[in-house]
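To start, the structure under review is shown below, and the notes come after it.
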Protein chains: 2
Amino acid sequence: MKTEPHQTASHGHLVIIGGHEDRKHGKEILTRFVELAGGPGARIVVITAASQVADDMWEQYDQAFGDLGVTQRSHLTLTSRQDANNEEKVRMVAEADGIFMTGGDQKRLLAIIGGTALDAEMHTALKVRGACIGGTSAGASAMSGHMLAQGKTDLLPEKGAVSLGAGLGFLHRVVIDQHFSERHRLSRLLSVVAQNPYLQGIGIDEDTALVVERGRGIEVLGEGSVTIVDGRTMDTNMADIRERDTPELIDVRLHLLPAGSRYYLPSDNEPLVKPMSPSLRDFLENVTKRNPIS
Amino acid sequence: MKTEPHQTASHGHLVIIGGHEDRKHGKEILTRFVELAGGPGARIVVITAASQVADDMWEQYDQAFGDLGVTQRSHLTLTSRQDANNEEKVRMVAEADGIFMTGGDQKRLLAIIGGTALDAEMHTALKVRGACIGGTSAGASAMSGHMLAQGKTDLLPEKGAVSLGAGLGFLHRVVIDQHFSERHRLSRLLSVVAQNPYLQGIGIDEDTALVVERGRGIEVLGEGSVTIVDGRTMDTNMADIRERDTPELIDVRLHLLPAGSRYYLPSDNEPLVKPMSPSLRDFLENVTKRNPIS
């Protein structure tokens, strides 16, 4: 199932984590984040703006990144949009090799940084300087252009149960949910995809990361799996049913990528070893796409 | 999404229930079972052999079918294979218009009736006399040729977690799980389908029934949905991973049919209104197929 990577210069990485990543023991995912930022010599900033307990969050990551040998680690405190346009704070992002967004509430995070100078500087960091951007839980959901903002479903998908918002837009044509298997969120993700078949749904388990290297490929890391639901070729009665009713869904495509799964785009001189699922291929192209700076 | 039925004589019905069907209030599913057996004048027998508390089970269905006006209702007690070959008990099946199998343990049910004269008489009832066979929970899983026998998964599919047994074989090329959304059993059903892609997986929610009219079509009834997972065109590394590892699954097809969904095979003079998903069409043909008496 695996295709081999080809070597090029880094075009920036995303480490998209489903929450509850190990911060105390093996720290597999945080270790990879540090490596992709350049190793222990990297300058790492932690954005805690999604959380109402920012200092507690920082304390945990300060400890974890310290344990991993990172000496230049900083807490980027942001409690207002003024903060997110503050020159000194924006400079912290401009000088960072790794930018990590903690959990909390993705709506809170976007309300503070969406559309600010700091937001723009994160895009520059990723796309121009090839920095690594990590995010866990709310920090993961915030990464896509269409962001899963709020809403729950009971056991089955429901029309109108979940609402989207505008996320940071490091990836497009996808929507990201987290704590996925642990909180039984397939019905929630299917609710989004049934209403918005333009988006491929990504569900990331706890202590699990989808690592994206822009322009090259993806890898799944950690303890769980990444689930992808693709409704682009599905048929549904979503348009005709009432709010809160369960839609009929025919021909949803589902992919399950456990830790260890790796897929890379073929390079010009290294064609694919075997044909790839068109749905998975589109997913790979969407998430690795080197979008221009927004 | 719906195609209209065409009228022909009944070739027998299956009412496959995901457990916990309403037995006290509206009784939507049991009402339909009685209707399909011929109405309140029908002779209904209840097979409780899956259960260790057969008398308690009978008491509940005695009450429920009595409330629905059924006067000729009988408890078919079976505690051994001798019972299931007993002439008088087999005659109860031979004279029944409706045969209902309660919950319990499907392995226990099959150990008692699998391959007996009573088993054969149930096939005759369904296929020759056009009787209605209902089953809930264990009684639902028991209906397919390949029966989900035992095994649990945690949050994700696992190789080797679930084992199959030989069921009653009223339907083929499928495997049936119940209490589906309530017990979060998608990972269990995917485990079966990943290992046995010949089988389409059917997951039935509680108080929900998949009603099959042989040779004609299907309908979903009740409070929940029926989930179908089709792995026939999937790609997987199942053959190469270790026991208990989570397989990679690419291009599983998933269908969600909420209560109210109805699909009928086109008749010669009533072509389909619109093209049907090939996967769903195959499912429809598999479950409605008028297999010969085994």
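Residue names in the structure tokens use chain letters A, B, ... in the order shown, residue numbers from 1 in each chain, and ligand numbers from 1 in the order shown.
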Expected answer as a ChimeraX atom specification: strand (DSSP E) residues in stretch 150-254 of chain A: /A:150,163-166,174-177,200-204,208-213,217-222,225-230,235-236,249-254
Counting only C-alpha atoms, chain A residues within 8 Å of chain B, as number ranges by chain: A: 1, 155-156, 181-182, 184, 224-225, 236-237, 246-258, 261, 277, 279-280
Just the selected residues (N, CA, C and O atoms), exported as a tab-separated table (two decimals), in the first residue's frame, please.
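Printed below is selection.tsv as written:
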```tsv
chain	number	residue	atom	x	y	z
A	1	MET	N	0.83	-1.19	0.00
A	1	MET	CA	0.00	0.00	0.00
A	1	MET	C	0.87	1.26	0.00
A	1	MET	O	0.37	2.35	-0.07
A	155	LEU	N	-26.41	9.30	17.50
A	155	LEU	CA	-25.76	8.11	16.95
A	155	LEU	C	-25.67	8.12	15.43
A	155	LEU	O	-24.84	7.43	14.86
A	156	LEU	N	-26.54	8.90	14.80
A	156	LEU	CA	-26.61	8.88	13.34
A	156	LEU	C	-26.38	10.27	12.78
A	156	LEU	O	-26.57	11.26	13.49
A	181	SER	N	-12.22	8.34	16.75
A	181	SER	CA	-12.79	7.04	17.13
A	181	SER	C	-13.23	7.07	18.59
A	181	SER	O	-14.26	6.50	18.96
A	182	GLU	N	-12.44	7.74	19.43
A	182	GLU	CA	-12.71	7.75	20.86
A	182	GLU	C	-14.07	8.36	21.17
A	182	GLU	O	-14.77	7.93	22.09
A	184	HIS	N	-16.49	8.63	18.88
A	184	HIS	CA	-17.48	8.09	17.94
A	184	HIS	C	-18.05	9.18	17.05
A	184	HIS	O	-19.26	9.41	17.01
A	224	GLY	N	-3.37	5.62	16.79
A	224	GLY	CA	-4.66	5.30	16.18
A	224	GLY	C	-4.62	5.35	14.67
A	224	GLY	O	-3.61	4.99	14.06
A	225	SER	N	-5.70	5.79	14.09
A	225	SER	CA	-5.84	5.82	12.64
A	225	SER	C	-6.41	7.16	12.19
A	225	SER	O	-6.92	7.94	12.99
A	236	THR	N	-27.56	11.28	-2.24
A	236	THR	CA	-28.21	11.52	-0.95
A	236	THR	C	-29.51	12.28	-1.16
A	236	THR	O	-29.68	12.98	-2.17
A	237	ASN	N	-30.41	12.15	-0.20
A	237	ASN	CA	-31.65	12.93	-0.22
A	237	ASN	C	-31.56	14.14	0.70
A	237	ASN	O	-32.56	14.71	1.11
A	246	THR	N	-32.28	12.10	9.54
A	246	THR	CA	-31.09	11.38	9.09
A	246	THR	C	-31.14	11.21	7.58
A	246	THR	O	-32.13	10.71	7.05
A	247	PRO	N	-30.11	11.64	6.87
A	247	PRO	CA	-30.12	11.50	5.41
A	247	PRO	C	-29.83	10.07	4.97
A	247	PRO	O	-29.14	9.32	5.65
A	248	GLU	N	-30.36	9.73	3.82
A	248	GLU	CA	-29.94	8.51	3.14
A	248	GLU	C	-28.62	8.82	2.42
A	248	GLU	O	-28.50	9.85	1.78
A	249	LEU	N	-27.65	7.94	2.56
A	249	LEU	CA	-26.34	8.15	1.92
A	249	LEU	C	-25.98	6.89	1.15
A	249	LEU	O	-25.94	5.81	1.72
A	250	ILE	N	-25.73	7.05	-0.13
A	250	ILE	CA	-25.39	5.90	-0.97
A	250	ILE	C	-24.01	6.14	-1.59
A	250	ILE	O	-23.77	7.19	-2.18
A	251	ASP	N	-23.14	5.16	-1.44
A	251	ASP	CA	-21.81	5.21	-2.07
A	251	ASP	C	-20.88	6.26	-1.49
A	251	ASP	O	-20.16	6.94	-2.22
A	252	VAL	N	-20.90	6.40	-0.17
A	252	VAL	CA	-19.81	7.15	0.47
A	252	VAL	C	-18.56	6.28	0.40
A	252	VAL	O	-18.63	5.06	0.59
A	253	ARG	N	-17.43	6.89	0.10
A	253	ARG	CA	-16.17	6.14	0.13
A	253	ARG	C	-15.48	6.38	1.46
A	253	ARG	O	-15.40	7.52	1.92
A	254	LEU	N	-15.00	5.31	2.06
A	254	LEU	CA	-14.34	5.41	3.35
A	254	LEU	C	-12.95	4.79	3.24
A	254	LEU	O	-12.79	3.71	2.68
A	255	HIS	N	-11.96	5.52	3.76
A	255	HIS	CA	-10.59	5.00	3.82
A	255	HIS	C	-10.16	5.00	5.28
A	255	HIS	O	-10.45	5.95	6.01
A	256	LEU	N	-9.47	3.96	5.68
A	256	LEU	CA	-8.92	3.91	7.04
A	256	LEU	C	-7.40	3.78	6.92
A	256	LEU	O	-6.90	2.79	6.37
A	257	LEU	N	-6.69	4.78	7.42
A	257	LEU	CA	-5.23	4.77	7.35
A	257	LEU	C	-4.66	4.64	8.75
A	257	LEU	O	-4.63	5.61	9.51
A	258	PRO	N	-4.24	3.46	9.14
A	258	PRO	CA	-3.67	3.30	10.48
A	258	PRO	C	-2.26	3.89	10.53
A	258	PRO	O	-1.66	4.19	9.49
A	261	SER	N	0.80	4.25	7.79
A	261	SER	CA	0.41	4.47	6.39
A	261	SER	C	1.17	5.67	5.84
A	261	SER	O	1.27	6.71	6.49
A	277	SER	N	-6.09	4.52	-5.66
A	277	SER	CA	-7.51	4.85	-5.65
A	277	SER	C	-7.70	6.31	-6.06
A	277	SER	O	-7.06	7.20	-5.50
A	279	SER	N	-10.00	8.33	-5.39
A	279	SER	CA	-10.46	9.12	-4.24
A	279	SER	C	-9.29	9.46	-3.32
A	279	SER	O	-9.13	10.60	-2.87
A	280	LEU	N	-8.45	8.47	-3.06
A	280	LEU	CA	-7.29	8.71	-2.19
A	280	LEU	C	-6.29	9.63	-2.88
A	280	LEU	O	-5.68	10.50	-2.24
```
Interatomic distance, atom CA of B:Glu21 to atom CA of B:Ala140 (Å, one decimal): 11.8 Å
Test item: residues at most 12 Å from B:Gly26, only C-alpha atoms, excluding those fewer than 3 positions along its chain, as an NGL selection string: :B and (21-23 or 29-32 or 64 or 67-68 or 207 or 222-223)
Store the residues picked out above, limited to N, CA, C and O atoms, as a CSV table (one decimal), in the first residue's frame.
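Listed below is the output, again13.csv:
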```
chain,number,residue,atom,x,y,z
B,21,GLU,N,-36.5,-3.9,19.8
B,21,GLU,CA,-37.7,-3.4,19.1
B,21,GLU,C,-38.8,-3.1,20.1
B,21,GLU,O,-38.9,-3.8,21.1
B,22,ASP,N,-39.5,-2.1,19.8
B,22,ASP,CA,-40.6,-1.7,20.7
B,22,ASP,C,-41.6,-2.8,20.8
B,22,ASP,O,-42.2,-3.3,19.8
B,23,ARG,N,-41.9,-3.3,22.1
B,23,ARG,CA,-42.8,-4.4,22.3
B,23,ARG,C,-44.0,-3.9,23.2
B,23,ARG,O,-44.8,-4.7,23.5
B,29,ILE,N,-42.6,-2.3,14.3
B,29,ILE,CA,-41.9,-3.4,13.6
B,29,ILE,C,-42.7,-4.7,13.8
B,29,ILE,O,-42.9,-5.5,12.9
B,30,LEU,N,-43.1,-5.0,15.1
B,30,LEU,CA,-43.9,-6.2,15.3
B,30,LEU,C,-45.2,-6.2,14.6
B,30,LEU,O,-45.7,-7.2,14.1
B,31,THR,N,-45.8,-5.0,14.5
B,31,THR,CA,-47.1,-4.9,13.7
B,31,THR,C,-46.8,-5.3,12.3
B,31,THR,O,-47.6,-6.0,11.7
B,32,ARG,N,-45.7,-4.8,11.7
B,32,ARG,CA,-45.4,-5.2,10.3
B,32,ARG,C,-45.2,-6.7,10.2
B,32,ARG,O,-45.6,-7.3,9.2
B,64,ALA,N,-46.9,-9.1,23.6
B,64,ALA,CA,-46.9,-8.2,22.5
B,64,ALA,C,-47.8,-8.7,21.3
B,64,ALA,O,-48.6,-7.9,20.8
B,67,ASP,N,-51.4,-8.4,22.3
B,67,ASP,CA,-51.9,-7.0,22.1
B,67,ASP,C,-52.2,-6.7,20.7
B,67,ASP,O,-53.0,-5.8,20.4
B,68,LEU,N,-51.5,-7.3,19.8
B,68,LEU,CA,-51.7,-7.0,18.3
B,68,LEU,C,-52.8,-7.9,17.8
B,68,LEU,O,-53.0,-7.9,16.5
B,207,ASP,N,-34.3,-1.1,17.5
B,207,ASP,CA,-35.7,-0.8,17.1
B,207,ASP,C,-35.8,-0.4,15.6
B,207,ASP,O,-36.5,0.6,15.3
B,222,GLY,N,-38.7,1.6,11.4
B,222,GLY,CA,-38.4,1.8,12.8
B,222,GLY,C,-37.7,3.1,13.1
B,222,GLY,O,-38.0,4.1,12.4
B,223,GLU,N,-36.9,3.1,14.1
B,223,GLU,CA,-36.3,4.4,14.6
B,223,GLU,C,-34.9,4.7,14.1
B,223,GLU,O,-34.5,5.9,14.2
```
Filtered DSSP result for stretch 78-226 of chain B, state helix (DSSP H, G or I), as number ranges by chain: B: 81-85, 87-94, 106-113, 117-127, 138-141, 186-195
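Residue nearest B:Ala166 within the list B:Thr79, B:Asn85, B:Glu121, B:Ile113: B:Ile113 [criterion: smallest interatomic distance, only C-alpha atoms].
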